[in-house]
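Worksheet: one structure, shown below.
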Amino acid sequence: MGKKKSAKKKTEKENESLFTLGEKLHNTDPKVIERFEAIQELELTVPRLVQVVEDILPYPWNDIDLFEEAIKLTAQGFYLEAVDVCRDVLQLSPNAYPVYHLLGHIYGAMGFVREEIEHYRKAVRLKPNYPQIYFDLGTAYWVSGKEKKSFAAFKKSIPMASDFAVADYWLTFIFDRLGRNRDPYQALENDEVARNQTFAEVCGLLGTAFLEYGQHTSARQAFKRSIRMKEDFAEGFYQLGALHIKKLRNPKRATKYLETAEQLYIRQNDFPKAALAHQLYRPKSEVYDKVKAAEEWLKEGLRLQGLARYQSAVDAYQMAQSFKPDFLDAFYNMGVAYGCMEENGIDALHKAVWVFKKSIDINPQFIHSYTALGASYIKQGELELAIEVLNRAVIVDPKDSNVFYYLGIAHRMNSQITEAVKNMQLAVALKPDSVQMQYYLGLSLMDSQLYEEACHAFKDVVRIKPDFADGHFMVGKLYREQLPDADKSHYHLKRAEKLFMKLEDYQRVGQIRQLLSRRPA
């Protein structure tokens with residue numbers, strides 16, 4: 001009993017000494033004790049981190065222990081060791097997309113953004129239909145300075161997760177728990193600033209991506225999150241103000257946000273953007289030079305359109321028109337932006353048609369409005385209307401190659417093959433180095449069973465652009481099936497196979513391999 005009592009006293013004494021040491025450390029350097037506490041908290045939450053990753057990134061593991069070890073090492077900041085364990089996992093499960101996803105995160109945490117993106121892309125190839133990979137891929141692209149690619153990645157996530165809460169949960173988990181932009185052993189102030197900046201920018205881009213799909217509530221939540229992360233985030237305030245003006249119908253709140261944005265832009269010496277913020281919330285009558293204001297909004301629309309932010313570009317063009325009602329450039333580019341929304345799965349072609357018609361009313365000699373209207377009708381399947389508009393365009397400018405190109409497309413889709421060939425030949429004669437025109441001339445000639453002429457057109461295609469996969473494919477196919485020449489067919493099909501592999505178009509790769517497996521005609 002005496003020994004037990006002595007041991008108890010010894011333990012109490014050690015605890016008292018440790019407490020005294022901790023108190024001294026805290027008094028000497030409070031950050032030291034914070035670091036110890038951060039590490040201790042991390043150790044306690046690791047099992048929960050593992051569970052979250054396994055729930056969100058499910059995979060039929062044969063043995064999950066190694067992957068769990070990689071997550072633990074990542075959470076603890078042992079990145080090189082985590083990479084080694086991930087490689088061991090891939091030896092056993094080479095198609096395990098969660099491992100590539102985790103590797104991307106690890107490389108990002110180490111500052112190797114190129115390797116991070118590469119591993120996220122590998123995860124996408126294995127499993128392209130879960131939003132978290134696009135949240136992280138978009139973040140990595142933004143960190144590497146590739147804003148357009150970043151926005152494209154975020155846009156892909158929206159149809160899979162239209163509620164911002166999904167993105168918010170994952171991003172918070174990645175930044176705060178798995179430690180992106182944070183060294184768990186050194187809670188430095190600069191790390192926190194970088195983390196908040198990145199988080200704010202990512203939320204801002206996500207908010208804009210939600211706007212592309214008309215998800216205004218989620219967009220608002222994303223912008224609100226961005227300004228909570230960074231109190232001087234001008235773009236977040238600007239977007240919130242613009243959104244309240246456009247959809248949420250709260251002018252007082254809109255004014256408050258836009259005034260804040262204006263002041264923040266001024267502090268950053270971004271006076272053009274400050275002027276745009278000012279014009280959004282002030283009466284149009286207060287603007288002295290309305291022509292200049294219209295030009296500024298046109299410029300902003302073109303910038304946004306170049307970043308594939310088509311809805312935001314439309315909003316900018318509409319502002320330009322509010323200062324200059326018959327502004328042809330604003331109408332025309334708005335129509336182009338509406339047409340581009342199709343890539344997001346949004347049908348806005350009817351709006352594009354109306355805008356292009358308005359452009360023609362403003363200036364009946366502006367040939368680009370005719371070709372754009374004709375192309376829009378073609379996309380809608382209104383082939384007779386397209387042919388009618390494009391025939392009017394021939395009268396306006398009989399030397400515009402695009403007019404004949406779209407006429408050729410419309411006639412071909414309308415099964416008027418002779419007219420299709422005639423118009424494609426006219427287009428090629430006006431612009432002989434156009435890959436698309438030569439390619440569609442080849443297709444029209446094939447429809448007419450003029451195989452030698454078609455082969456010549458496709459050869460011109462690969463002469464102009466040697467890495468054009470479809471051109472090599474068509475030449476190889478013709479030599480395989482219509483103009484038997486095994487050597488030439490094999491050369492072009494193998495070339496096309498390599499090019500489609502680079503493009504990650506594995507369906508076309510499969511088609512080529514089937515062709516190669518057949519005996520030549």
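Each chain in the structure tokens gets a letter, A, B and so on, in the order shown; residues start at 1 in every chain, and ligands are counted from 1 in the order they appear.
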Spatial neighbours of Leu515 of chain A, max dist 9 Å, only C-alpha atoms, sep filter under 5 positions, as a ChimeraX atom specification: /A:477,480,493,510,520
Using only N, CA and C atoms, please write the residues we just selected to a file, as a PDB file, in the first residue's frame.
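Wrote out-v2.pdb, looks like this:
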ATOM      1  N   LYS A 477      -9.887   6.321 -92.512  1.00  0.00           N
ATOM      2  CA  LYS A 477     -11.149   5.598 -92.754  1.00  0.00           C
ATOM      3  C   LYS A 477     -11.413   5.434 -94.251  1.00  0.00           C
ATOM      4  N   ARG A 480      -9.214   2.941 -95.676  1.00  0.00           N
ATOM      5  CA  ARG A 480      -9.576   1.616 -95.166  1.00  0.00           C
ATOM      6  C   ARG A 480     -10.778   1.046 -95.900  1.00  0.00           C
ATOM      7  N   LEU A 493      -4.627   6.243 -89.251  1.00  0.00           N
ATOM      8  CA  LEU A 493      -5.428   5.802 -88.110  1.00  0.00           C
ATOM      9  C   LEU A 493      -4.589   5.747 -86.834  1.00  0.00           C
ATOM     10  N   GLY A 510     -11.429   3.838 -79.191  1.00  0.00           N
ATOM     11  CA  GLY A 510     -12.042   2.523 -79.371  1.00  0.00           C
ATOM     12  C   GLY A 510     -12.522   2.302 -80.796  1.00  0.00           C
ATOM     13  N   PRO A 520      -8.971  -4.626 -94.450  1.00  0.00           N
ATOM     14  CA  PRO A 520      -9.276  -3.538 -95.394  1.00  0.00           C
ATOM     15  C   PRO A 520     -10.260  -3.998 -96.461  1.00  0.00           C
TER      16      PRO A 520
END
Quick one: everything within 12 Å of Ala316 of chain A, counting only C-alpha atoms, minus sequence neighbours fewer than 4 positions away in the same chain. Send it as a VMD selection string. chain A and resid 242 246 276 to 277 279 to 280 293 to 305 309 to 312 320 to 323 330 to 331 333 to 334 337
Would you export the selected residues with C-alpha atoms as a PDB file, in the first residue's frame, please?
ATOM      1  CA  ALA A 242     -25.212  43.322 -58.313  1.00  0.00           C
ATOM      2  CA  LYS A 246     -30.889  42.009 -60.380  1.00  0.00           C
ATOM      3  CA  LEU A 276     -18.680  50.305 -62.511  1.00  0.00           C
ATOM      4  CA  ALA A 277     -19.744  49.673 -58.921  1.00  0.00           C
ATOM      5  CA  GLN A 279     -22.817  53.254 -61.788  1.00  0.00           C
ATOM      6  CA  LEU A 280     -24.687  50.139 -60.663  1.00  0.00           C
ATOM      7  CA  ALA A 293     -19.944  54.566 -69.603  1.00  0.00           C
ATOM      8  CA  ALA A 294     -21.391  52.347 -72.343  1.00  0.00           C
ATOM      9  CA  GLU A 295     -17.910  51.670 -73.715  1.00  0.00           C
ATOM     10  CA  GLU A 296     -16.639  50.766 -70.238  1.00  0.00           C
ATOM     11  CA  TRP A 297     -19.441  48.270 -69.722  1.00  0.00           C
ATOM     12  CA  LEU A 298     -18.813  46.793 -73.177  1.00  0.00           C
ATOM     13  CA  LYS A 299     -15.156  46.347 -72.254  1.00  0.00           C
ATOM     14  CA  GLU A 300     -16.154  44.663 -68.999  1.00  0.00           C
ATOM     15  CA  GLY A 301     -18.538  42.368 -70.865  1.00  0.00           C
ATOM     16  CA  LEU A 302     -15.812  41.314 -73.294  1.00  0.00           C
ATOM     17  CA  ARG A 303     -13.459  40.617 -70.368  1.00  0.00           C
ATOM     18  CA  LEU A 304     -16.041  38.438 -68.647  1.00  0.00           C
ATOM     19  CA  GLN A 305     -16.919  36.654 -71.871  1.00  0.00           C
ATOM     20  CA  ARG A 309     -18.627  34.010 -67.551  1.00  0.00           C
ATOM     21  CA  TYR A 310     -21.416  34.358 -70.054  1.00  0.00           C
ATOM     22  CA  GLN A 311     -24.295  35.396 -67.778  1.00  0.00           C
ATOM     23  CA  SER A 312     -22.128  38.058 -66.142  1.00  0.00           C
ATOM     24  CA  ALA A 320     -23.977  49.186 -71.764  1.00  0.00           C
ATOM     25  CA  GLN A 321     -27.330  49.343 -73.577  1.00  0.00           C
ATOM     26  CA  SER A 322     -28.914  51.194 -70.679  1.00  0.00           C
ATOM     27  CA  PHE A 323     -26.487  54.049 -71.398  1.00  0.00           C
ATOM     28  CA  ALA A 330     -23.293  45.398 -77.086  1.00  0.00           C
ATOM     29  CA  PHE A 331     -26.227  43.697 -78.820  1.00  0.00           C
ATOM     30  CA  ASN A 333     -21.726  40.373 -78.266  1.00  0.00           C
ATOM     31  CA  MET A 334     -24.710  39.720 -76.009  1.00  0.00           C
ATOM     32  CA  ALA A 337     -22.747  35.205 -74.997  1.00  0.00           C
TER      33      ALA A 337
END
Please provide the set of residues having any atom within 8 Å of segment 144-156 of chain A, restricted to only C-alpha atoms, with same-chain residues fewer than 5 positions apart removed, written as a count of residues only. 16
Looking at only C-alpha atoms, which of A:Lys324, A:Lys127, A:Asp55, A:Tyr79 is the one that sits closest to Asp289 of chain A? A:Lys324
Could you pull out the residues in segment 269-473 of chain A that DSSP calls helix (DSSP H, G or I) from the backbone, as an MDAnalysis selection string? chainID A and resid 271:281 284:286 290:306 310:323 328:344 349:362 367:380 383:396 401:413 417:430 435:447 451:464 469:473
Output file for the selection above: C-alpha atoms, as a compact mmCIF listing (two decimals), in the first residue's frame:
# COMPACT_ATOMS: atom_id res chain seq x y z
CA PHE A 271 -10.63 52.87 -60.46
CA PRO A 272 -12.38 51.36 -63.53
CA LYS A 273 -14.05 48.71 -61.38
CA ALA A 274 -14.88 51.33 -58.74
CA ALA A 275 -16.64 53.35 -61.46
CA LEU A 276 -18.68 50.30 -62.51
CA ALA A 277 -19.74 49.67 -58.92
CA HIS A 278 -20.76 53.33 -58.58
CA GLN A 279 -22.82 53.25 -61.79
CA LEU A 280 -24.69 50.14 -60.66
CA TYR A 281 -26.30 51.76 -57.65
CA LYS A 284 -28.31 56.74 -64.77
CA SER A 285 -29.15 60.44 -65.01
CA GLU A 286 -26.17 61.23 -62.77
CA LYS A 290 -23.05 58.09 -71.07
CA VAL A 291 -21.17 57.08 -74.22
CA LYS A 292 -18.00 56.53 -72.22
CA ALA A 293 -19.94 54.57 -69.60
CA ALA A 294 -21.39 52.35 -72.34
CA GLU A 295 -17.91 51.67 -73.71
CA GLU A 296 -16.64 50.77 -70.24
CA TRP A 297 -19.44 48.27 -69.72
CA LEU A 298 -18.81 46.79 -73.18
CA LYS A 299 -15.16 46.35 -72.25
CA GLU A 300 -16.15 44.66 -69.00
CA GLY A 301 -18.54 42.37 -70.86
CA LEU A 302 -15.81 41.31 -73.29
CA ARG A 303 -13.46 40.62 -70.37
CA LEU A 304 -16.04 38.44 -68.65
CA GLN A 305 -16.92 36.65 -71.87
CA GLY A 306 -13.23 35.86 -72.37
CA TYR A 310 -21.42 34.36 -70.05
CA GLN A 311 -24.30 35.40 -67.78
CA SER A 312 -22.13 38.06 -66.14
CA ALA A 313 -21.11 39.24 -69.62
CA VAL A 314 -24.78 39.51 -70.64
CA ASP A 315 -25.45 41.62 -67.53
CA ALA A 316 -22.57 43.93 -68.49
CA TYR A 317 -23.83 44.31 -72.08
CA GLN A 318 -27.29 45.16 -70.77
CA MET A 319 -25.75 47.90 -68.64
CA ALA A 320 -23.98 49.19 -71.76
CA GLN A 321 -27.33 49.34 -73.58
CA SER A 322 -28.91 51.19 -70.68
CA PHE A 323 -26.49 54.05 -71.40
CA LEU A 328 -24.63 47.53 -81.91
CA ASP A 329 -21.48 46.02 -80.37
CA ALA A 330 -23.29 45.40 -77.09
CA PHE A 331 -26.23 43.70 -78.82
CA TYR A 332 -24.04 41.54 -81.05
CA ASN A 333 -21.73 40.37 -78.27
CA MET A 334 -24.71 39.72 -76.01
CA GLY A 335 -26.05 37.37 -78.66
CA VAL A 336 -22.72 35.57 -78.80
CA ALA A 337 -22.75 35.21 -75.00
CA TYR A 338 -26.28 33.79 -75.08
CA GLY A 339 -25.19 31.30 -77.72
CA CYS A 340 -22.21 30.20 -75.62
CA MET A 341 -24.48 29.36 -72.67
CA GLU A 342 -25.31 26.16 -74.52
CA GLU A 343 -22.04 24.67 -73.28
CA ASN A 344 -23.49 24.90 -69.74
CA LEU A 349 -30.65 30.37 -78.25
CA HIS A 350 -34.07 32.01 -78.48
CA LYS A 351 -32.59 35.02 -76.69
CA ALA A 352 -29.57 34.98 -79.03
CA VAL A 353 -31.92 34.97 -82.05
CA TRP A 354 -33.83 38.00 -80.76
CA VAL A 355 -30.60 39.91 -80.06
CA PHE A 356 -29.09 39.17 -83.48
CA LYS A 357 -32.33 40.29 -85.18
CA LYS A 358 -32.10 43.52 -83.21
CA SER A 359 -28.49 43.92 -84.36
CA ILE A 360 -29.58 43.62 -87.99
CA ASP A 361 -32.31 46.22 -87.40
CA ILE A 362 -29.70 48.60 -85.99
CA ILE A 367 -22.52 40.93 -91.87
CA HIS A 368 -21.54 39.26 -88.59
CA SER A 369 -25.09 39.57 -87.28
CA TYR A 370 -26.37 37.62 -90.30
CA THR A 371 -23.88 34.77 -89.89
CA ALA A 372 -24.50 34.61 -86.14
CA LEU A 373 -28.28 34.57 -86.66
CA GLY A 374 -27.93 31.88 -89.31
CA ALA A 375 -25.73 29.77 -87.00
CA SER A 376 -28.31 30.17 -84.20
CA TYR A 377 -31.12 29.00 -86.46
CA ILE A 378 -28.99 25.98 -87.46
CA LYS A 379 -28.49 25.07 -83.79
CA GLN A 380 -32.25 25.34 -83.26
CA LEU A 383 -32.84 25.12 -91.36
CA GLU A 384 -35.14 26.92 -93.80
CA LEU A 385 -34.92 30.12 -91.73
CA ALA A 386 -31.14 29.76 -91.58
CA ILE A 387 -30.89 29.40 -95.37
CA GLU A 388 -33.17 32.41 -95.87
CA VAL A 389 -31.09 34.66 -93.58
CA LEU A 390 -27.78 33.49 -95.04
CA ASN A 391 -28.98 34.06 -98.60
CA ARG A 392 -29.75 37.66 -97.56
CA ALA A 393 -26.23 37.80 -96.17
CA VAL A 394 -24.75 36.83 -99.56
CA ILE A 395 -26.29 40.02 -100.99
CA VAL A 396 -24.79 42.10 -98.15
CA SER A 401 -16.45 32.92 -96.36
CA ASN A 402 -18.44 32.30 -93.17
CA VAL A 403 -21.73 32.97 -94.97
CA PHE A 404 -21.06 30.18 -97.48
CA TYR A 405 -19.73 27.90 -94.74
CA TYR A 406 -22.95 28.15 -92.72
CA LEU A 407 -25.01 27.84 -95.90
CA GLY A 408 -23.14 24.62 -96.62
CA ILE A 409 -23.84 23.34 -93.10
CA ALA A 410 -27.55 24.21 -93.35
CA HIS A 411 -27.97 22.57 -96.77
CA ARG A 412 -26.10 19.44 -95.64
CA MET A 413 -28.30 19.11 -92.54
CA ILE A 417 -26.07 17.61 -100.66
CA THR A 418 -25.39 19.25 -104.05
CA GLU A 419 -26.03 22.72 -102.57
CA ALA A 420 -23.92 21.81 -99.54
CA VAL A 421 -20.91 20.90 -101.72
CA LYS A 422 -21.34 24.03 -103.85
CA ASN A 423 -21.38 26.38 -100.85
CA MET A 424 -18.51 24.61 -99.07
CA GLN A 425 -16.41 24.90 -102.22
CA LEU A 426 -17.16 28.64 -102.34
CA ALA A 427 -16.21 28.97 -98.64
CA VAL A 428 -12.91 27.11 -99.19
CA ALA A 429 -12.12 29.19 -102.28
CA LEU A 430 -12.46 32.35 -100.16
CA VAL A 435 -9.46 23.74 -91.14
CA GLN A 436 -13.19 23.67 -90.42
CA MET A 437 -14.20 24.66 -93.95
CA GLN A 438 -11.91 22.08 -95.55
CA TYR A 439 -13.14 19.43 -93.12
CA TYR A 440 -16.83 20.04 -93.81
CA LEU A 441 -16.12 20.19 -97.54
CA GLY A 442 -14.66 16.70 -97.14
CA LEU A 443 -17.77 15.49 -95.30
CA SER A 444 -20.06 16.95 -97.99
CA LEU A 445 -18.02 15.28 -100.74
CA MET A 446 -18.26 11.97 -98.88
CA ASP A 447 -22.04 12.42 -98.77
CA TYR A 451 -14.34 9.77 -102.23
CA GLU A 452 -11.15 10.82 -103.98
CA GLU A 453 -12.11 14.52 -103.77
CA ALA A 454 -13.11 14.02 -100.12
CA CYS A 455 -9.76 12.39 -99.35
CA HIS A 456 -7.98 15.33 -100.97
CA ALA A 457 -9.96 17.76 -98.76
CA PHE A 458 -9.12 15.82 -95.60
CA LYS A 459 -5.45 15.73 -96.61
CA ASP A 460 -5.57 19.50 -96.89
CA VAL A 461 -6.99 19.54 -93.36
CA VAL A 462 -4.02 17.65 -91.88
CA ARG A 463 -1.62 19.67 -94.02
CA ILE A 464 -2.98 22.87 -92.48
CA ALA A 469 -7.21 14.13 -84.99
CA ASP A 470 -10.52 14.05 -86.91
CA GLY A 471 -8.70 14.82 -90.15
CA HIS A 472 -6.34 11.88 -89.80
CA PHE A 473 -9.26 9.67 -88.77
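The two atoms in question, atom CA of Phe366 of chain A and atom CA of Gln416 of chain A, are spaced 27.7 Å apart.
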Polymer residues at most 10 Å from Glu68 of chain A, only C-alpha atoms, same-chain spacing of 4 or more positions, as a ChimeraX atom specification: /A:46-47,49-51,53-54,63-64,72-74,85-86
Select, from A:Asp232, A:Asp487, A:Glu201, A:Asp84, the residue with the minimum atom-to-atom distance to Trp142 of chain A, counting only C-alpha atoms. A:Glu201
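You will find atom CA of Gln221 of chain A at 21.9 Å from atom CA of Ala140 of chain A.
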Skipping near chain neighbours, those fewer than 4 positions away, what residues fall within 10 Å of segment 106-112 of chain A using only C-alpha atoms, listed as a JSON list (two decimals) with C-alpha atoms, in the first residue's frame?
[["chain", "number", "residue", "atom", "x", "y", "z"],
["A", 70, "ALA", "CA", -2.27, 7.86, -45.72],
["A", 71, "ILE", "CA", -5.14, 10.11, -44.52],
["A", 73, "LEU", "CA", -0.24, 11.08, -42.20],
["A", 74, "THR", "CA", -1.70, 13.83, -44.39],
["A", 75, "ALA", "CA", -3.71, 15.29, -41.51],
["A", 77, "GLY", "CA", 1.50, 17.02, -41.97],
["A", 78, "PHE", "CA", 3.78, 14.07, -42.80],
["A", 79, "TYR", "CA", 3.35, 14.64, -46.51],
["A", 80, "LEU", "CA", 6.32, 12.72, -47.94],
["A", 82, "ALA", "CA", 1.80, 10.01, -46.99],
["A", 83, "VAL", "CA", 2.91, 10.05, -50.64],
["A", 100, "TYR", "CA", -5.29, 10.17, -56.66],
["A", 101, "HIS", "CA", -7.57, 12.78, -55.09],
["A", 102, "LEU", "CA", -5.67, 12.58, -51.79],
["A", 116, "GLU", "CA", -1.60, 18.55, -57.65],
["A", 117, "ILE", "CA", -3.54, 19.30, -60.85],
["A", 118, "GLU", "CA", -2.12, 16.22, -62.58],
["A", 119, "HIS", "CA", -3.40, 13.93, -59.83],
["A", 136, "ASP", "CA", -10.27, 21.03, -55.47],
["A", 139, "THR", "CA", -8.88, 25.75, -56.31],
["A", 140, "ALA", "CA", -5.61, 24.38, -57.69],
["A", 143, "VAL", "CA", -3.66, 29.07, -57.06],
["A", 144, "SER", "CA", -1.64, 28.49, -60.24],
["A", 175, "PHE", "CA", -8.72, 24.03, -45.55],
["A", 178, "LEU", "CA", -6.78, 18.43, -43.89],
["A", 179, "GLY", "CA", -4.64, 21.54, -43.80],
["A", 180, "ARG", "CA", -4.50, 23.18, -47.21],
["A", 181, "ASN", "CA", -2.49, 26.44, -46.88],
["A", 182, "ARG", "CA", -1.69, 25.51, -43.31],
["A", 183, "ASP", "CA", 1.34, 23.95, -41.61]]
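With atom CA of Lys494 of chain A on one side and atom CA of Ile512 of chain A on the other, the separation reads 8.0 Å.
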